[in-house]
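> A single structure is presented below for examination.
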Amino acid sequence: MKKQPRNKAQFGRDRRDNRGQQQKQRSNNSSQHRKRPAVEPVSQAVNVNDEADQAEFIYGKHAVLEYVKSGDPRSVNKIFMQKGLHGELASKVVDFSQKHKLVLQEVPKSRLDELTADGNHQGVLLTLAPYQYAEVSDILAKAKAADEAPLILILDNLNDPHNLGSILRTADAIGVHGVIIPKRRAVGVTAVVAKTATGALEHVLVARVTNLTATINELKEQGIWVFGTAMAGEDYRTWNSRGPVALVIGNEGKGISPLVAKTVDGMVTIPMIGHVQSLNASVATSILLYHMFDQRHPVNEISEK
């Protein structure tokens with residue numbers, strides 16, 4: 001697809017006034033985007049060893065119940081449940097295993113403590129095949145199927161699994177179509193991520209790419225505006241985030257990498273007046289995502305649903 005001319009002077013307080021013509025070419029309105037070819041969904045079928053040591057784990061009441069409700073049973077290798085466990089959690093896990101003919105093994109609490117490194121497993125643990133990442137095309141297809149302008153989150157070398165899990169949780173809450181992470185020098189989807197996300201991983205597509213810069217350029221060619229985050233940039237409160245947008249969040253300590261910073265269309269910042277001039281990556285992401293949610297889903301629209 002031919003790339004449209006991009007005028008860097010459009011970004012700033014006057015961007016809303018000067019950007020109109022290009023926005024009309026990209027979309028009939030802020031809730032539509034260019035047509036894309038249909039993409040087959042990513043298959044969740046896997047074929048791995050059943051040993052728990054070689055699988056990813058999901059544990060804890062909320063994460064397990066969400067997986068039982070929405071997850072793909074074909075990805076489950078084995079279920080470990082604490083001996084003597086009763087109640088809603090045990091009942092639903094047993095029903096899930098029987099319905100899908102999954103292996104369920106009752107074990108002492110000490111075994112679950114060992115598998116989760118003394119995590120808060122609450123008596124149950126699912127062992128899964130390694131996480132099946134989506135493709136970027138799947139994310140775009142998801143937006144198209146919902147008849148929505150793409151809303152994509154790009155994480156530039158995030159290292160903390162708790163941050164990734166929290167970000168996925170917020171991404172699901174505000175309707176992000178997908179998250180893109182790099183294959184190298186960044187945290188991937190792990191058991192800690194799944195636990196922290198408390199079920200959001202079953203609803204948010206995560207794509208892992210070799211080259212973030214190349215991926216950003218491809219998104220721009222698809223008519224998507226890409227914005228980064230930095231200490232110096234447009235105040236997010238005046239930022240027009242409507243339409244097809246991708247937001248880049250940088251590394252916890254170093255921020256966005258220089259090459260990625262040169263590739264984005266503009267930078268936004270969160271102003272601070274206190275003594276601490278930085279925010280946790282997941283906190284900053286939440287602030288910006290809810291600003292985008294507010295612009296894409298006005299109060300009147302939400303109250304009518």
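Starting from 1 in every chain, residues are counted up; chains themselves are A, B, ... following the order of the structure tokens, and ligands are numbered from 1 as listed.
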Hey, what's within 10 Å of Tyr290 (chain A) if we count only C-alpha atoms and toss same-chain stuff fewer than 3 positions away? As a list in words, please?
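Once the adjacent positions are removed, what remains is Thr170, Ala171, Ala173, Ile174, Thr285, Ser286, Ile287, Phe293, Asp294, Gln295, Arg296 and His297 of chain A.
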> Could you pull the residues within 8 Å of Ala230 (chain A), counting only C-alpha atoms, minus those fewer than 2 positions along the same chain, as a VMD selection string?
chain A and resid 228 232 to 233 255 to 256 267 to 269
> Could the residues in this selection be saved with N, CA, C and O atoms as a PDB file, in the first residue's frame?

```pdb
ATOM      1  N   GLY A 228       5.028   7.966  20.700  1.00  0.00           N
ATOM      2  CA  GLY A 228       5.858   7.489  21.786  1.00  0.00           C
ATOM      3  C   GLY A 228       5.618   8.291  23.048  1.00  0.00           C
ATOM      4  O   GLY A 228       4.833   9.242  23.067  1.00  0.00           O
ATOM      5  N   ALA A 232       9.846  14.972  27.306  1.00  0.00           N
ATOM      6  CA  ALA A 232       9.539  16.139  26.483  1.00  0.00           C
ATOM      7  C   ALA A 232       8.610  15.715  25.357  1.00  0.00           C
ATOM      8  O   ALA A 232       8.953  14.857  24.553  1.00  0.00           O
ATOM      9  N   GLY A 233       7.442  16.304  25.329  1.00  0.00           N
ATOM     10  CA  GLY A 233       6.473  15.958  24.299  1.00  0.00           C
ATOM     11  C   GLY A 233       5.195  16.740  24.504  1.00  0.00           C
ATOM     12  O   GLY A 233       5.105  17.608  25.373  1.00  0.00           O
ATOM     13  N   GLY A 255      13.596   4.169  28.909  1.00  0.00           N
ATOM     14  CA  GLY A 255      12.581   4.762  28.054  1.00  0.00           C
ATOM     15  C   GLY A 255      12.611   4.157  26.666  1.00  0.00           C
ATOM     16  O   GLY A 255      13.103   3.052  26.443  1.00  0.00           O
ATOM     17  N   ILE A 256      12.101   4.891  25.703  1.00  0.00           N
ATOM     18  CA  ILE A 256      12.053   4.417  24.319  1.00  0.00           C
ATOM     19  C   ILE A 256      13.443   4.446  23.700  1.00  0.00           C
ATOM     20  O   ILE A 256      14.194   5.403  23.877  1.00  0.00           O
ATOM     21  N   MET A 267       5.580  12.601  20.105  1.00  0.00           N
ATOM     22  CA  MET A 267       5.774  12.191  21.489  1.00  0.00           C
ATOM     23  C   MET A 267       4.726  12.854  22.382  1.00  0.00           C
ATOM     24  O   MET A 267       4.341  14.000  22.153  1.00  0.00           O
ATOM     25  N   VAL A 268       4.285  12.124  23.393  1.00  0.00           N
ATOM     26  CA  VAL A 268       3.393  12.697  24.397  1.00  0.00           C
ATOM     27  C   VAL A 268       4.035  12.530  25.760  1.00  0.00           C
ATOM     28  O   VAL A 268       4.858  11.625  25.973  1.00  0.00           O
ATOM     29  N   THR A 269       3.654  13.398  26.685  1.00  0.00           N
ATOM     30  CA  THR A 269       4.225  13.349  28.025  1.00  0.00           C
ATOM     31  C   THR A 269       3.134  13.522  29.070  1.00  0.00           C
ATOM     32  O   THR A 269       2.077  14.102  28.796  1.00  0.00           O
TER      33      THR A 269
END
```
> I'd like the neighbourhood of region 154-163 of chain A as a PyMOL selection string, where a residue qualifies if any of its atoms comes within 8 Å (using only C-alpha atoms), though same-chain residues fewer than 3 positions away should be ignored.
chain A and resi 166-167+179-182+184-190+192-193+196+212+246-252+255-257+281-282
> Output C-alpha atoms of each residue in that selection to a file, as a PDB file, in the first residue's frame.

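To be explicit, this is the file written out as out-v8.pdb:
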```pdb
ATOM      1  CA  SER A 166      -0.620  -5.121  34.752  1.00  0.00           C
ATOM      2  CA  ILE A 167      -0.484  -3.458  31.338  1.00  0.00           C
ATOM      3  CA  VAL A 179      -0.025  -5.626  22.227  1.00  0.00           C
ATOM      4  CA  ILE A 180       3.265  -5.872  20.336  1.00  0.00           C
ATOM      5  CA  ILE A 181       6.528  -6.812  22.072  1.00  0.00           C
ATOM      6  CA  PRO A 182      10.039  -7.505  20.724  1.00  0.00           C
ATOM      7  CA  ARG A 184      14.838  -9.930  22.214  1.00  0.00           C
ATOM      8  CA  ARG A 185      15.856  -8.029  25.349  1.00  0.00           C
ATOM      9  CA  ALA A 186      12.288  -7.936  26.666  1.00  0.00           C
ATOM     10  CA  VAL A 187      10.041  -9.978  28.904  1.00  0.00           C
ATOM     11  CA  GLY A 188       7.726 -12.416  27.148  1.00  0.00           C
ATOM     12  CA  VAL A 189       4.486 -14.010  28.298  1.00  0.00           C
ATOM     13  CA  THR A 190       5.335 -16.082  31.377  1.00  0.00           C
ATOM     14  CA  VAL A 192       4.114 -14.438  36.336  1.00  0.00           C
ATOM     15  CA  VAL A 193       2.668 -12.316  33.525  1.00  0.00           C
ATOM     16  CA  THR A 196      -0.590 -10.665  37.231  1.00  0.00           C
ATOM     17  CA  LEU A 212      10.044  -3.014  16.323  1.00  0.00           C
ATOM     18  CA  ALA A 246      -0.485   2.865  18.253  1.00  0.00           C
ATOM     19  CA  LEU A 247       1.128   3.933  21.532  1.00  0.00           C
ATOM     20  CA  VAL A 248       4.752   3.031  22.339  1.00  0.00           C
ATOM     21  CA  ILE A 249       5.786   2.554  25.978  1.00  0.00           C
ATOM     22  CA  GLY A 250       9.509   2.438  26.687  1.00  0.00           C
ATOM     23  CA  ASN A 251      11.780   0.444  28.967  1.00  0.00           C
ATOM     24  CA  GLU A 252      11.367   0.982  32.730  1.00  0.00           C
ATOM     25  CA  GLY A 255      12.581   4.762  28.054  1.00  0.00           C
ATOM     26  CA  ILE A 256      12.053   4.417  24.319  1.00  0.00           C
ATOM     27  CA  SER A 257      15.101   3.357  22.326  1.00  0.00           C
ATOM     28  CA  ALA A 281       5.623   1.920  33.363  1.00  0.00           C
ATOM     29  CA  SER A 282       2.269   0.260  34.054  1.00  0.00           C
TER      30      SER A 282
END
```
> Would you mind listing what lies within 6 Å of region 113-126 of chain A as a list in words, with only C-alpha atoms counted and same-chain residues fewer than 2 positions away left out?
Phe57, Ile58, Tyr59, Gly60, Ile79, Phe80, Met81, Gln82, Ser110 and Arg111 of chain A
> What residues in region 49-287 of chain A get the DSSP label helix (DSSP H, G or I)? Please answer as a ChimeraX atom specification.
/A:52-54,61-70,73-75,88-99,109-115,136-145,161-174,191-197,200-202,212-221,236-238,258-263,281-287
> Using backbone DSSP assignments, extract all strand (DSSP E or B) residues from region 87-276 of chain A; output them as an NGL selection string.
:A and (104-107 or 124-128 or 134 or 151-155 or 178-182 or 205-209 or 225-235 or 245-249 or 251 or 255 or 266-269)
> When distances are computed from only C-alpha atoms, which of A:Gly253, A:Glu148, A:Gly199, A:Ser70 shows the smallest separation from Asn280 (chain A)?
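Between A:Gly253, A:Glu148, A:Gly199, A:Ser70, the residue approaching Asn280 (chain A) most closely is A:Gly253.
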> Taking into account only C-alpha atoms, which residue in the set A:Val76, A:Gly165, A:His62, A:Val276 is nearest to Ala191 (chain A)?
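Once distances to Ala191 (chain A) are computed over only C-alpha atoms, the minimum belongs to A:Gly165.
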> Could you jot down the CA of Gly71 (chain A) to CA of Leu85 (chain A) separation for me, Å, one decimal place?
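Interatomic distance here is 22.1 Å.
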